[in-house]
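Engineer: This is start.cif, which holds mmCIF, C-alpha atoms:
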```cif
data_work
#
loop_
_atom_site.group_PDB
_atom_site.id
_atom_site.type_symbol
_atom_site.label_atom_id
_atom_site.label_comp_id
_atom_site.auth_asym_id
_atom_site.auth_seq_id
_atom_site.Cartn_x
_atom_site.Cartn_y
_atom_site.Cartn_z
ATOM 1 C CA MET W 443 4.814 12.911 11.183
ATOM 2 C CA PRO W 444 2.646 9.779 11.311
ATOM 3 C CA LEU W 445 0.807 8.607 8.237
ATOM 4 C CA THR W 446 -2.958 8.912 8.297
ATOM 5 C CA VAL W 447 -5.040 6.661 6.100
ATOM 6 C CA CYS W 448 -8.111 8.508 4.845
ATOM 7 C CA LYS W 449 -10.814 6.557 3.079
ATOM 8 C CA ILE W 450 -12.244 8.317 0.035
ATOM 9 C CA VAL W 451 -15.396 7.079 -1.732
ATOM 10 C CA PRO W 452 -17.541 4.796 0.429
ATOM 11 C CA ALA W 453 -16.975 1.183 -0.634
ATOM 12 C CA LEU W 454 -14.516 -0.987 -2.479
ATOM 13 C CA GLY W 455 -16.458 -1.800 -5.570
ATOM 14 C CA SER W 456 -18.306 0.420 -7.946
ATOM 15 C CA LYS W 457 -20.483 3.406 -7.159
ATOM 16 C CA LYS W 458 -22.134 5.835 -9.557
ATOM 17 C CA VAL W 459 -21.113 9.396 -8.747
ATOM 18 C CA SER W 460 -22.320 12.209 -11.016
ATOM 19 C CA GLY W 461 -22.786 9.910 -13.993
ATOM 20 C CA CYS W 462 -19.402 8.225 -13.818
ATOM 21 C CA GLU W 463 -18.238 5.151 -12.004
ATOM 22 C CA LYS W 464 -15.852 5.681 -9.101
ATOM 23 C CA ARG W 465 -14.006 3.184 -6.951
ATOM 24 C CA GLU W 466 -12.683 3.441 -3.440
ATOM 25 C CA ALA W 467 -9.114 4.491 -2.943
ATOM 26 C CA TYR W 468 -7.034 5.269 0.075
ATOM 27 C CA ALA W 469 -5.095 8.477 0.409
ATOM 28 C CA PHE W 470 -2.043 8.606 2.618
ATOM 29 C CA TRP W 471 -1.314 11.936 4.220
ATOM 30 C CA PRO W 472 1.277 13.096 6.731
ATOM 31 C CA SER W 473 -0.624 14.257 9.779
ATOM 32 C CA LEU W 474 -0.086 15.279 13.352
ATOM 33 C CA LEU W 475 -3.010 13.038 14.258
ATOM 34 C CA SER W 476 -3.071 9.291 14.608
ATOM 35 C CA LEU W 477 -5.375 7.136 12.520
ATOM 36 C CA PRO W 478 -9.068 8.079 12.564
ATOM 37 C CA SER W 479 -10.952 5.877 15.036
ATOM 38 C CA THR W 480 -13.389 4.750 12.329
ATOM 39 C CA ILE W 481 -10.473 3.168 10.466
ATOM 40 C CA THR W 482 -8.576 1.706 13.432
ATOM 41 C CA THR W 483 -11.412 0.380 15.553
ATOM 42 C CA SER W 484 -13.879 -1.040 13.091
ATOM 43 C CA PRO W 485 -12.934 -1.207 9.446
ATOM 44 C CA GLU W 486 -16.028 -1.882 7.330
ATOM 45 C CA LYS W 487 -14.241 -4.827 5.829
ATOM 46 C CA ASN W 488 -10.886 -6.389 6.446
ATOM 47 C CA LEU W 489 -9.308 -5.648 3.083
ATOM 48 C CA LYS W 490 -6.335 -7.514 1.685
ATOM 49 C CA PHE W 491 -3.577 -5.321 0.281
ATOM 50 C CA ALA W 492 -0.288 -5.993 -1.469
ATOM 51 C CA ILE W 493 2.351 -3.279 -1.434
ATOM 52 C CA LEU W 494 4.325 -3.808 -4.625
ATOM 53 C CA GLY W 495 7.630 -2.122 -3.895
ATOM 54 C CA ALA W 496 7.732 -2.253 -0.094
ATOM 55 C CA GLY W 497 10.770 -0.101 0.505
ATOM 56 C CA ALA W 498 10.661 2.669 3.073
ATOM 57 C CA LEU W 499 7.399 4.346 2.055
ATOM 58 C CA GLY W 500 5.676 1.102 1.070
ATOM 59 C CA SER W 501 6.597 -0.471 4.404
ATOM 60 C CA ALA W 502 5.339 2.586 6.290
ATOM 61 C CA ILE W 503 2.012 2.572 4.433
ATOM 62 C CA GLY W 504 1.700 -1.204 4.773
ATOM 63 C CA GLY W 505 2.433 -0.979 8.486
ATOM 64 C CA VAL W 506 -0.283 1.631 9.019
ATOM 65 C CA LEU W 507 -2.814 -0.432 7.045
ATOM 66 C CA THR W 508 -1.871 -3.511 9.102
ATOM 67 C CA GLU W 509 -2.377 -1.550 12.315
ATOM 68 C CA ALA W 510 -5.805 -0.538 11.004
ATOM 69 C CA GLY W 511 -6.800 -4.208 10.877
ATOM 70 C CA HIS W 512 -6.226 -5.017 7.214
ATOM 71 C CA THR W 513 -4.216 -7.924 5.829
ATOM 72 C CA VAL W 514 -1.158 -6.529 4.069
ATOM 73 C CA TRP W 515 1.606 -8.254 2.133
ATOM 74 C CA LEU W 516 4.840 -6.274 1.761
ATOM 75 C CA ILE W 517 6.469 -7.330 -1.511
ATOM 76 C CA THR W 518 10.055 -6.283 -2.159
ATOM 77 C CA ARG W 519 13.189 -7.650 -3.813
ATOM 78 C CA ASN W 520 15.161 -6.854 -0.638
ATOM 79 C CA GLN W 521 15.615 -10.324 0.907
ATOM 80 C CA ALA W 522 17.196 -8.959 4.121
ATOM 81 C CA HIS W 523 14.171 -6.672 4.661
ATOM 82 C CA VAL W 524 11.751 -9.574 4.046
ATOM 83 C CA ASP W 525 13.661 -11.894 6.409
ATOM 84 C CA ALA W 526 13.767 -9.285 9.192
ATOM 85 C CA ILE W 527 10.035 -8.545 8.898
ATOM 86 C CA ASN W 528 9.078 -12.222 8.879
ATOM 87 C CA GLN W 529 11.375 -13.058 11.814
ATOM 88 C CA ARG W 530 10.977 -10.011 14.090
ATOM 89 C CA GLY W 531 8.102 -7.976 12.691
ATOM 90 C CA LEU W 532 8.109 -4.538 11.073
ATOM 91 C CA THR W 533 9.377 -1.760 13.313
ATOM 92 C CA LEU W 534 7.979 1.698 12.532
ATOM 93 C CA ARG W 535 9.565 4.818 14.011
ATOM 94 C CA THR W 536 7.307 7.844 14.289
ATOM 95 C CA GLU W 537 8.376 11.025 16.075
ATOM 96 C CA GLY W 538 11.312 9.147 17.608
ATOM 97 C CA LEU W 539 9.253 6.304 19.055
ATOM 98 C CA ASP W 540 9.459 2.726 17.771
ATOM 99 C CA ARG W 541 6.621 0.232 17.614
ATOM 100 C CA THR W 542 6.802 -3.255 16.149
ATOM 101 C CA ILE W 543 3.913 -4.920 14.377
ATOM 102 C CA LYS W 544 3.476 -8.413 13.007
ATOM 103 C CA ALA W 545 3.616 -8.117 9.225
ATOM 104 C CA LEU W 546 3.716 -10.367 6.164
ATOM 105 C CA ALA W 547 6.551 -9.976 3.657
ATOM 106 C CA ALA W 548 7.735 -11.793 0.544
ATOM 107 C CA THR W 549 10.024 -11.351 -2.429
ATOM 108 C CA SER W 550 7.357 -12.730 -4.791
ATOM 109 C CA ALA W 551 3.728 -11.750 -5.293
ATOM 110 C CA ILE W 552 2.743 -15.405 -5.550
ATOM 111 C CA ALA W 553 2.991 -15.754 -1.757
ATOM 112 C CA ALA W 554 0.184 -13.210 -1.225
ATOM 113 C CA GLY W 555 -2.452 -14.687 -3.507
ATOM 114 C CA VAL W 556 -5.354 -12.552 -4.743
ATOM 115 C CA VAL W 557 -5.810 -9.175 -3.001
ATOM 116 C CA ASP W 558 -8.426 -6.411 -2.959
ATOM 117 C CA CYS W 559 -5.929 -3.649 -3.723
ATOM 118 C CA VAL W 560 -2.379 -3.561 -5.083
ATOM 119 C CA ILE W 561 -0.532 -0.389 -4.084
ATOM 120 C CA VAL W 562 2.294 0.173 -6.553
ATOM 121 C CA LEU W 563 5.373 1.950 -5.192
ATOM 122 C CA VAL W 564 8.195 0.527 -7.298
ATOM 123 C CA LYS W 565 10.690 2.822 -9.012
ATOM 124 C CA SER W 566 9.480 4.216 -12.344
ATOM 125 C CA ALA W 567 11.708 2.060 -14.510
ATOM 126 C CA GLN W 568 10.459 -1.095 -12.743
ATOM 127 C CA THR W 569 6.698 -0.513 -13.207
ATOM 128 C CA ARG W 570 6.106 -2.766 -16.216
ATOM 129 C CA GLN W 571 8.326 -5.609 -15.008
ATOM 130 C CA ALA W 572 6.989 -5.519 -11.434
ATOM 131 C CA MET W 573 3.295 -5.446 -12.373
ATOM 132 C CA THR W 574 3.708 -8.123 -15.038
ATOM 133 C CA ALA W 575 5.370 -10.381 -12.445
ATOM 134 C CA ALA W 576 2.581 -9.640 -9.943
ATOM 135 C CA MET W 577 -0.463 -10.650 -12.000
ATOM 136 C CA SER W 578 -1.182 -13.432 -9.473
ATOM 137 C CA LEU W 579 -2.414 -10.674 -7.117
ATOM 138 C CA LEU W 580 -5.366 -9.850 -9.374
ATOM 139 C CA GLY W 581 -8.848 -11.212 -8.884
ATOM 140 C CA PRO W 582 -12.027 -10.033 -10.628
ATOM 141 C CA GLU W 583 -12.471 -7.023 -8.298
ATOM 142 C CA THR W 584 -8.839 -6.092 -7.553
ATOM 143 C CA VAL W 585 -7.899 -2.440 -7.995
ATOM 144 C CA VAL W 586 -4.369 -1.189 -8.650
ATOM 145 C CA LEU W 587 -3.425 2.086 -6.962
ATOM 146 C CA SER W 588 -0.252 3.830 -8.120
ATOM 147 C CA LEU W 589 1.344 6.142 -5.553
ATOM 148 C CA GLN W 590 4.528 6.469 -7.586
ATOM 149 C CA ASN W 591 6.409 9.674 -8.306
ATOM 150 C CA GLY W 592 6.443 10.993 -11.849
ATOM 151 C CA LEU W 593 4.191 10.707 -14.853
ATOM 152 C CA GLY W 594 3.002 7.894 -17.082
ATOM 153 C CA HIS W 595 2.694 5.088 -14.537
ATOM 154 C CA GLU W 596 -1.059 4.927 -14.897
ATOM 155 C CA ASP W 597 -0.710 4.429 -18.662
ATOM 156 C CA ILE W 598 1.740 1.565 -18.178
ATOM 157 C CA LEU W 599 -0.493 -0.056 -15.548
ATOM 158 C CA THR W 600 -3.598 0.442 -17.713
ATOM 159 C CA GLY W 601 -1.871 -1.383 -20.559
ATOM 160 C CA ILE W 602 -1.173 -4.332 -18.266
ATOM 161 C CA VAL W 603 -4.270 -4.649 -16.054
ATOM 162 C CA GLY W 604 -6.942 -2.594 -17.855
ATOM 163 C CA LYS W 605 -8.308 0.903 -17.311
ATOM 164 C CA GLN W 606 -11.179 -0.241 -15.087
ATOM 165 C CA ARG W 607 -8.710 -1.383 -12.371
ATOM 166 C CA VAL W 608 -6.291 1.558 -12.199
ATOM 167 C CA LEU W 609 -6.392 4.357 -9.633
ATOM 168 C CA ALA W 610 -3.850 7.147 -9.391
ATOM 169 C CA GLY W 611 -2.843 8.816 -6.173
ATOM 170 C CA LYS W 612 -0.166 11.025 -4.739
ATOM 171 C CA CYS W 613 1.678 10.734 -1.484
ATOM 172 C CA TYR W 614 3.101 13.742 0.320
ATOM 173 C CA CYS W 615 5.286 11.978 2.828
ATOM 174 C CA GLY W 616 8.262 9.719 2.822
ATOM 175 C CA GLY W 617 10.105 7.109 4.742
ATOM 176 C CA GLN W 618 13.587 5.842 5.363
ATOM 177 C CA ILE W 619 14.846 2.317 5.968
ATOM 178 C CA ILE W 620 17.348 2.518 8.820
ATOM 179 C CA ALA W 621 17.887 -1.250 8.995
ATOM 180 C CA PRO W 622 16.186 -4.296 7.509
ATOM 181 C CA GLY W 623 12.672 -4.413 8.968
ATOM 182 C CA HIS W 624 13.042 -0.960 10.594
ATOM 183 C CA VAL W 625 11.516 2.120 8.938
ATOM 184 C CA ILE W 626 11.226 5.790 9.859
ATOM 185 C CA CYS W 627 7.758 7.040 8.846
ATOM 186 C CA GLY W 628 6.899 10.471 7.519
ATOM 187 C CA THR W 629 10.324 11.827 6.599
#
```
Will you turn the file into structure tokens for me?
Structural biologist:
Amino acid sequence: MPLTVCKIVPALGSKKVSGCEKREAYAFWPSLLSLPSTITTSPEKNLKFAILGAGALGSAIGGVLTEAGHTVWLITRNQAHVDAINQRGLTLRTEGLDRTIKALAATSAIAAGVVDCVIVLVKSAQTRQAMTAAMSLLGPETVVLSLQNGLGHEDILTGIVGKQRVLAGKCYCGGQIIAPGHVICGT
């Protein structure tokens, strides 16, 4: 199934909701539908994302955000994956059909510069090391969204970047790398 990016809470930045401050996040859901036209045709703002841990799922999410018109950096330790994406683009397979998009990939967060949102998808044991090495992604308004499996990631991230930046989310879909730069979405 394709990934659908659903915007929740109206704007990146702060908004008072029922006496507490909320920030925008993106939820990623498996869906039989393609991206909502409001996201794909006219994003309110071209946001800059970094996917920290751009394996199968991170590449799939990053690819969908890129297709929606956002600037996305796929950050992974997998040099072959980075080289393939930078040379040929990122190929996403959905329901048996391949499409290739121009994407940005690097093995270091430094290449991306400051972003609006860091989506953390590294393995649990790598959270502290990965986020500490990726501090160059943070500007004054950057939020950090964990879509990792398991518990405790938000506490680790809060200790590194501060509570005011951290969002927690869940993802109910998967992905599979079938070759460097080639990902099956929604497995």
Engineer: From the options W:Ala526, W:Val514, W:Leu494, W:Leu532, which residue's atoms come nearest to Thr574 in chain W, counting only C-alpha atoms?
Structural biologist: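 Closest to Thr574 in chain W of all the choices is W:Leu494.
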Engineer: List the residues matched by the PyMOL selection byres ((chain W and resi 555) around 9) in the displayed structure as a count of residues only, ordered by chain and then by residue number.
Structural biologist: 9
Engineer: So which one's closest to Asp525 in chain W, W:Gly623, W:Gly581, W:Gly601, W:Gly592? Using all atoms listed in the file, please.
Structural biologist: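 Among the listed residues, W:Gly623 lies closest to Asp525 in chain W.
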Engineer: Might you pull out every residue within 7 Å of range 607-621 of chain W, with only C-alpha atoms counted and same-chain residues fewer than 3 positions away left off, and present them as a VMD selection string?
Structural biologist: chain W and resid 469 to 472 498 to 499 502 584 to 589 596 599 to 600 603 to 604 624 to 629
Engineer: What separation in Å, quoted to one decimal, exists between CA of Asp540 in chain W and CA of Gln521 in chain W?
Structural biologist: 22.2 Å
Engineer: Mind dumping a table of every range 545-618 of chain W residue within 7 Å of range 488-492 of chain W, with the nearest atom pair and its distance in Å to one decimal, using only C-alpha atoms, sorted by chain and rising number, as a Markdown table?
Structural biologist:
```
| residue | atom | partner | partner_atom | distance |
| --- | --- | --- | --- | --- |
| W:Val557 | CA | W:Lys490 | CA | 5.0 |
| W:Asp558 | CA | W:Lys490 | CA | 5.2 |
| W:Cys559 | CA | W:Phe491 | CA | 4.9 |
| W:Val560 | CA | W:Ala492 | CA | 4.8 |
| W:Ile561 | CA | W:Ala492 | CA | 6.2 |
```
Engineer: Identify which of the residues W:Lys544, W:Lys565, W:His512, W:Lys487 lies closest to Ile527 in chain W, counting all atoms listed in the file when measuring atom-to-atom distances.
Structural biologist: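 The closest residue to Ile527 in chain W is W:Lys544.
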Engineer: Quick one: of W:Leu539, W:Leu534, W:Ala496, W:Ala545, who's nearest to Thr508 in chain W, counting all atoms listed in the file?
Structural biologist: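 Among the listed residues, the smallest separation from Thr508 in chain W belongs to W:Ala545.
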